[in-house]
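Okay, work20.tsv now, which holds TSV, C-alpha atoms and all ligand atoms:
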chain	number	residue	atom	x	y	z
T	1	MET	CA	0.00	0.00	0.00
T	2	SER	CA	1.29	3.46	-0.84
T	3	TYR	CA	1.52	6.19	1.81
T	4	GLN	CA	-0.76	9.13	1.09
T	5	ILE	CA	-0.67	12.70	2.40
T	6	ALA	CA	-3.57	14.92	1.33
T	7	ILE	CA	-3.30	18.71	1.59
T	8	ASP	CA	-6.39	20.76	0.75
T	9	GLY	CA	-7.16	24.42	1.14
T	10	PRO	CA	-8.03	27.66	-0.62
T	11	ALA	CA	-5.92	29.43	-3.26
T	12	GLY	CA	-2.79	31.09	-1.90
T	13	ALA	CA	-2.61	29.24	1.43
T	14	GLY	CA	0.86	27.94	0.56
T	15	LYS	CA	-0.22	24.40	-0.33
T	16	SER	CA	2.14	23.86	-3.24
T	17	THR	CA	5.24	25.22	-1.47
T	18	ILE	CA	4.52	23.08	1.57
T	19	ALA	CA	3.48	19.97	-0.36
T	20	LYS	CA	6.53	20.14	-2.62
T	21	GLU	CA	8.92	20.47	0.32
T	22	THR	CA	7.17	17.73	2.31
T	23	ALA	CA	7.45	15.37	-0.66
T	24	LYS	CA	11.12	16.22	-1.07
T	25	GLN	CA	11.91	15.56	2.59
T	26	LEU	CA	10.04	12.26	2.60
T	27	GLY	CA	11.17	11.08	-0.85
T	28	PHE	CA	7.54	10.91	-2.07
T	29	ILE	CA	6.21	12.22	-5.39
T	30	TYR	CA	4.35	15.52	-5.31
T	31	VAL	CA	1.11	15.69	-7.27
T	32	ASP	CA	-0.21	19.19	-7.91
T	33	THR	CA	-3.82	18.52	-8.92
T	34	GLY	CA	-4.52	22.24	-9.49
T	35	ALA	CA	-2.04	22.10	-12.38
T	36	MET	CA	-4.14	19.34	-13.99
T	37	TYR	CA	-7.30	21.47	-13.76
T	38	ARG	CA	-5.28	24.38	-15.12
T	39	ALA	CA	-4.05	22.29	-18.08
T	40	MET	CA	-7.66	21.39	-18.85
T	41	ALA	CA	-8.60	25.09	-18.60
T	42	LEU	CA	-5.77	25.99	-20.99
T	43	TYR	CA	-7.10	23.43	-23.47
T	44	LEU	CA	-10.61	24.92	-23.25
T	45	LEU	CA	-9.30	28.49	-23.62
T	46	ARG	CA	-7.28	27.49	-26.67
T	47	ARG	CA	-10.38	25.93	-28.19
T	48	GLY	CA	-12.26	29.20	-27.54
T	49	ILE	CA	-14.83	27.45	-25.35
T	50	SER	CA	-16.83	29.70	-23.04
T	51	ALA	CA	-16.63	29.10	-19.28
T	52	GLU	CA	-20.44	29.25	-19.21
T	53	ASP	CA	-20.93	26.46	-21.78
T	54	SER	CA	-20.94	23.34	-19.63
T	55	LYS	CA	-22.18	21.08	-22.47
T	56	GLN	CA	-19.24	22.01	-24.68
T	57	ILE	CA	-16.83	21.66	-21.75
T	58	SER	CA	-18.15	18.13	-21.10
T	59	GLU	CA	-17.61	17.20	-24.74
T	60	ALA	CA	-14.24	18.91	-25.23
T	61	CYS	CA	-12.68	17.53	-22.04
T	62	ARG	CA	-12.78	14.02	-23.56
T	63	GLU	CA	-10.32	15.13	-26.22
T	64	ALA	CA	-7.78	16.54	-23.77
T	65	ASP	CA	-5.21	13.96	-22.82
T	66	ILE	CA	-3.58	15.15	-19.61
T	67	THR	CA	-0.68	13.22	-18.14
T	68	ILE	CA	2.11	14.01	-15.77
T	69	ALA	CA	5.80	13.21	-15.81
T	70	TYR	CA	8.71	14.11	-13.52
T	71	LYS	CA	11.85	16.02	-14.50
T	72	ASP	CA	14.48	16.56	-11.78
T	73	GLY	CA	11.77	15.59	-9.28
T	74	LEU	CA	9.40	18.33	-10.48
T	75	GLN	CA	5.97	17.65	-11.92
T	76	GLN	CA	5.54	18.39	-15.62
T	77	VAL	CA	2.06	18.50	-17.12
T	78	LEU	CA	1.59	17.22	-20.63
T	79	LEU	CA	-1.46	18.29	-22.61
T	80	ASN	CA	-1.90	16.09	-25.68
T	81	GLY	CA	1.84	15.43	-25.53
T	82	GLU	CA	2.91	19.10	-25.17
T	83	ASN	CA	4.67	20.17	-21.98
T	84	VAL	CA	2.47	23.09	-20.83
T	85	THR	CA	3.88	23.40	-17.29
T	86	GLY	CA	5.19	26.94	-17.87
T	87	LEU	CA	1.86	28.22	-19.22
T	88	LEU	CA	-0.42	27.33	-16.32
T	89	ARG	CA	0.12	29.90	-13.59
T	90	THR	CA	-1.58	32.92	-15.16
T	91	GLU	CA	-4.68	34.65	-13.76
T	92	GLU	CA	-6.58	33.89	-16.99
T	93	VAL	CA	-5.92	30.15	-16.76
T	94	GLY	CA	-6.57	30.12	-12.97
T	95	ASN	CA	-9.91	31.87	-13.36
T	96	MET	CA	-10.99	29.49	-16.15
T	97	ALA	CA	-9.83	26.51	-14.05
T	98	SER	CA	-11.94	27.65	-11.10
T	99	ILE	CA	-15.03	27.59	-13.35
T	100	SER	CA	-14.32	24.56	-15.55
T	101	SER	CA	-13.29	22.43	-12.55
T	102	ALA	CA	-16.91	22.59	-11.37
T	103	ASN	CA	-17.87	20.41	-14.37
T	104	PRO	CA	-18.47	16.77	-13.26
T	105	ASP	CA	-17.00	15.29	-16.47
T	106	VAL	CA	-13.78	17.25	-16.04
T	107	ARG	CA	-13.58	16.13	-12.41
T	108	LYS	CA	-14.27	12.45	-13.17
T	109	LYS	CA	-11.49	12.30	-15.72
T	110	LEU	CA	-8.87	14.02	-13.57
T	111	VAL	CA	-9.81	12.28	-10.30
T	112	GLU	CA	-9.29	8.87	-11.98
T	113	LEU	CA	-5.81	9.92	-13.05
T	114	GLN	CA	-4.99	11.22	-9.55
T	115	GLN	CA	-6.16	7.99	-7.91
T	116	GLU	CA	-4.06	5.91	-10.30
T	117	LEU	CA	-0.95	7.94	-9.45
T	118	ALA	CA	-1.52	7.62	-5.70
T	119	GLU	CA	-2.03	3.87	-5.93
T	120	ARG	CA	1.36	3.34	-7.53
T	121	GLU	CA	3.60	5.60	-5.42
T	122	ASP	CA	3.86	7.29	-2.02
T	123	VAL	CA	2.40	10.76	-2.58
T	124	VAL	CA	1.86	14.21	-1.23
T	125	MET	CA	-1.12	15.46	-3.20
T	126	ASP	CA	-2.61	18.94	-2.93
T	127	GLY	CA	-5.88	20.38	-4.18
T	128	ARG	CA	-9.41	21.11	-3.01
T	129	ASP	CA	-11.04	17.67	-2.69
T	130	ILE	CA	-8.13	15.32	-1.99
T	131	GLY	CA	-9.07	14.41	1.59
T	132	THR	CA	-12.80	14.39	0.88
T	133	CYS	CA	-13.04	12.66	-2.54
T	134	VAL	CA	-9.80	11.67	-4.25
T	135	LEU	CA	-8.02	9.91	-1.37
T	136	PRO	CA	-10.63	9.48	1.39
T	137	GLY	CA	-8.40	6.88	3.08
T	138	ALA	CA	-5.24	9.06	3.10
T	139	ASP	CA	-2.85	8.42	6.01
T	140	VAL	CA	-2.54	12.13	6.84
T	141	LYS	CA	-5.00	14.86	5.86
T	142	ILE	CA	-4.32	18.55	6.28
T	143	TYR	CA	-6.58	21.51	5.64
T	144	LEU	CA	-4.15	24.37	5.08
T	145	THR	CA	-5.61	27.85	5.12
T	146	ALA	CA	-4.74	31.50	5.84
T	147	SER	CA	-6.74	34.73	6.07
T	148	THR	CA	-7.86	36.28	2.78
T	149	ALA	CA	-5.78	39.41	3.48
T	150	CYS	CA	-2.68	37.34	4.14
T	151	ARG	CA	-3.12	35.23	1.01
T	152	ALA	CA	-3.64	38.36	-1.10
T	153	LYS	CA	-0.50	39.96	0.35
T	154	ARG	CA	1.58	36.87	-0.41
T	155	ARG	CA	0.30	36.77	-4.00
T	156	TYR	CA	0.94	40.50	-4.41
T	157	GLU	CA	4.53	40.10	-3.20
T	158	GLU	CA	5.06	37.10	-5.49
T	159	LEU	CA	3.84	39.05	-8.54
T	160	THR	CA	5.73	42.29	-7.75
T	161	ALA	CA	8.92	40.27	-7.20
T	162	LYS	CA	8.46	39.04	-10.79
T	163	GLY	CA	8.21	42.68	-11.92
T	164	GLU	CA	4.46	42.58	-12.58
T	165	VAL	CA	2.40	45.69	-11.81
T	166	CYS	CA	-0.65	44.73	-9.75
T	167	ASP	CA	-3.22	46.04	-7.33
T	168	LEU	CA	-3.60	44.46	-3.88
T	169	ALA	CA	-7.33	45.21	-3.67
T	170	VAL	CA	-7.97	43.53	-7.05
T	171	ILE	CA	-5.98	40.45	-6.00
T	172	GLU	CA	-7.90	40.22	-2.72
T	173	ALA	CA	-11.25	40.50	-4.51
T	174	ASP	CA	-10.13	37.81	-6.98
T	175	ILE	CA	-9.14	35.44	-4.16
T	176	ALA	CA	-12.47	35.98	-2.38
T	177	LYS	CA	-14.34	35.26	-5.64
T	178	ARG	CA	-12.27	32.11	-6.28
T	179	ASP	CA	-12.92	30.86	-2.70
T	180	HIS	CA	-16.63	31.41	-3.14
T	181	GLN	CA	-16.68	29.47	-6.45
T	182	ASP	CA	-14.58	26.60	-5.08
T	183	MET	CA	-16.56	26.31	-1.82
T	184	THR	CA	-20.10	26.59	-3.16
T	185	ARG	CA	-19.97	24.45	-6.32
T	186	GLU	CA	-22.20	21.40	-6.46
T	187	HIS	CA	-19.55	18.75	-7.15
T	188	SER	CA	-16.71	18.16	-4.67
T	189	PRO	CA	-16.64	21.66	-3.15
T	190	LEU	CA	-13.66	22.76	-1.12
T	191	ARG	CA	-14.24	21.82	2.52
T	192	GLN	CA	-12.28	20.36	5.39
T	193	ALA	CA	-12.56	16.56	5.61
T	194	GLU	CA	-13.88	15.46	9.01
T	195	ASP	CA	-10.59	13.75	9.81
T	196	ALA	CA	-8.31	16.50	8.45
T	197	VAL	CA	-6.07	18.59	10.70
T	198	TRP	CA	-6.82	22.30	10.31
T	199	LEU	CA	-3.69	24.44	9.95
T	200	ASP	CA	-3.81	28.25	9.65
T	201	SER	CA	-0.56	29.46	8.12
T	202	SER	CA	-1.31	33.22	8.48
T	203	ASP	CA	1.19	33.68	11.32
T	204	LEU	CA	3.47	30.71	10.62
T	205	THR	CA	6.65	30.47	8.58
T	206	ILE	CA	7.03	27.76	5.94
T	207	GLN	CA	9.43	26.02	8.31
T	208	GLU	CA	6.87	26.02	11.14
T	209	VAL	CA	4.14	24.59	8.90
T	210	MET	CA	6.58	21.92	7.69
T	211	GLU	CA	7.47	20.93	11.25
T	212	ARG	CA	3.81	20.45	12.15
T	213	ILE	CA	3.14	18.33	9.09
T	214	LEU	CA	6.20	16.13	9.59
T	215	ALA	CA	5.18	15.65	13.23
T	216	LEU	CA	1.76	14.45	12.05
T	217	VAL	CA	3.38	12.01	9.63
T	218	LYS	CA	5.49	10.56	12.46
T	219	THR	CA	2.46	9.94	14.69
T	220	ALA	CA	0.13	8.66	11.93
Y	301	LIG	O1	-4.65	25.22	-6.75
Y	301	LIG	P1	-4.83	25.97	-8.09
Y	301	LIG	O2	-5.04	27.46	-7.91
Y	301	LIG	O3	-3.77	25.66	-9.07
Y	301	LIG	O4	-6.20	25.38	-8.70
Y	301	LIG	C1	-6.82	25.95	-9.83
Y	301	LIG	C2	-8.33	25.66	-9.79
Y	301	LIG	O5	-8.53	24.25	-9.95
Y	301	LIG	C3	-9.01	26.02	-8.47
Y	301	LIG	O6	-9.67	27.27	-8.54
Y	301	LIG	C4	-10.01	24.93	-8.24
Y	301	LIG	C5	-9.58	23.80	-9.12
Y	301	LIG	N1	-9.15	22.62	-8.38
Y	301	LIG	C6	-10.13	21.72	-8.03
Y	301	LIG	O7	-11.31	21.95	-8.28
Y	301	LIG	N2	-9.78	20.56	-7.40
Y	301	LIG	C7	-8.51	20.29	-7.11
Y	301	LIG	N3	-8.22	19.14	-6.52
Y	301	LIG	C8	-7.50	21.22	-7.45
Y	301	LIG	C9	-7.85	22.39	-8.07
Representation of the structure as structure tokens:
Amino acid sequence: MSYQIAIDGPAGAGKSTIAKETAKQLGFIYVDTGAMYRAMALYLLRRGISAEDSKQISEACREADITIAYKDGLQQVLLNGENVTGLLRTEEVGNMASISSANPDVRKKLVELQQELAEREDVVMDGRDIGTCVLPGADVKIYLTASTACRAKRRYEELTAKGEVCDLAVIEADIAKRDHQDMTREHSPLRQAEDAVWLDSSDLTIQEVMERILALVKTA
């Protein structure tokens, strides 16, 4: 049986940084499920499909072959054979992913792939529904969150460090909108699994969050 660590939480809580580092320290693979939903969103955007057209999304998602591979230990996402990893972390793709990921056909396809990966190898997997739907039997489940203001500030600092001009208030409004969409959708909404440990990273360093997670792994 593989060992499974599930980390769920809202956008900007630090899930990917923490999950990646946890996987590295434990020698597990890291599966970023948000990147899979983003790759699907990129496919739909390229096809010019509207976020409102759920029928077309259901049909088109069948033609998107999404797979993952590892290069130097880092996840690469392949969309119909093309490595699209570097194209996924834009606001446009993220906003489309938040809407298209509500589609049950998109979810079914990607959840199957995620479950296959976790069956084969020890994983740290992050997303919105990992502890509740994808890996309900995970050995350790964490719900990682932070205040909206804190998540917006982190995102703002990340973007300005890259030289992008942005507005903190717009980022905060975008995060609040994304939370609302992810938490209120009909299929697999973001919520804390009953047996997940709730961790608020607002006033914690990455190191402190890591220590708490590794302590949970030791006692599990
Ligand atoms: O974590 P992220 O920002 O890369 O995720 C992009 C979108 O994908 C997010 O708004 C919701 C969706 N998502 C999901 O529905 N289920 C997951 N397991 C991961 C992401």
Original post:
Quick one: distance from atom CA of Asp126 of chain T to atom CA of Met210 of chain T in Å, one decimal?
Top reply: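 So the answer is 14.4 Å.
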**OP:** Record the distance separating atom CA of Leu214 of chain T and atom CA of Ile5 of chain T, expressed in Å with one decimal.
**Re:**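 For atom CA of Leu214 of chain T relative to atom CA of Ile5 of chain T, the distance reads 10.5 Å.
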Subject >> One-decimal distance in Å that lies between atom CA of Pro136 of chain T and atom CA of Ser98 of chain T >> reply: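 We find that atom CA of Ser98 of chain T and atom CA of Pro136 of chain T lie 22.1 Å from each other.
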**OP:** Return as a ChimeraX atom specification every polymer residue, whether protein, DNA or RNA, with at least one atom no more than 6 Å from an atom of ligand LIG 301 (chain Y); count all atoms listed in the file.
**Re:** /T:11,33-35,37-38,94,97-98,101,127-130,178,182
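Counting only C-alpha atoms and comparing T:Val209, T:Leu117, T:Ser202, T:Glu158, the residue that lies closest to Arg89 of chain T is T:Glu158.
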Subject >> Nearest candidate to Lys141 of chain T (options T:Glu194, T:Glu92, T:Asp65, T:Asp53; using all atoms listed in the file) >> reply: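 Distance minimum relative to Lys141 of chain T lands on T:Glu194.
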For the point (7.0, 13.1, 2.7) in the file's frame, write as a compact mmCIF listing (two decimals) with C-alpha atoms, in the coordinates of the input all residues with an atom no more than 8 Å away, counting all atoms listed in the file.
# COMPACT_ATOMS: atom_id res chain seq x y z
CA ILE T 5 -0.67 12.70 2.40
CA GLU T 21 8.92 20.47 0.32
CA THR T 22 7.17 17.73 2.31
CA ALA T 23 7.45 15.37 -0.66
CA LYS T 24 11.12 16.22 -1.07
CA GLN T 25 11.91 15.56 2.59
CA LEU T 26 10.04 12.26 2.60
CA GLY T 27 11.17 11.08 -0.85
CA PHE T 28 7.54 10.91 -2.07
CA VAL T 123 2.40 10.76 -2.58
CA VAL T 124 1.86 14.21 -1.23
CA LEU T 214 6.20 16.13 9.59
CA VAL T 217 3.38 12.01 9.63
Original post:
Using only C-alpha atoms, which residues sit within 10 Å of Ser147 of chain T once same-chain residues fewer than 5 positions away are excluded, as a list in words?
Top reply: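 Close residues of Ser147 of chain T: Pro10, Gly12, Ala13, Ala152, Lys153, Asp200, Ser201, Ser202 and Asp203 of chain T.
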**OP:** Would you please work out which residue, of T:Leu78, T:Leu144, T:Ala102, T:Met96, is nearest to Ile213 of chain T when using all atoms listed in the file?
**Re:**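 The answer is T:Leu144, which sits nearest to Ile213 of chain T.
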Original post:
Is there a way to get, as an MDAnalysis selection string, all residues within 12 Å of the point (11.5, 28.4, 3.8) in file coordinates, counting all atoms listed in the file?
Top reply: chainID T and resid 14 17:18 20:22 204:211
Original post:
For Thr184 of chain T, which residue among T:Ile99, T:Ala118, T:Leu168, T:Ile49 is the nearest when counting only C-alpha atoms?
Top reply: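 Selected residue with least distance to Thr184 of chain T: T:Ile99.
Counting all atoms listed in the file, the residue from T:Glu63, T:Glu157, T:Glu116, T:Glu91 that sits nearest to Leu79 of chain T is T:Glu63.
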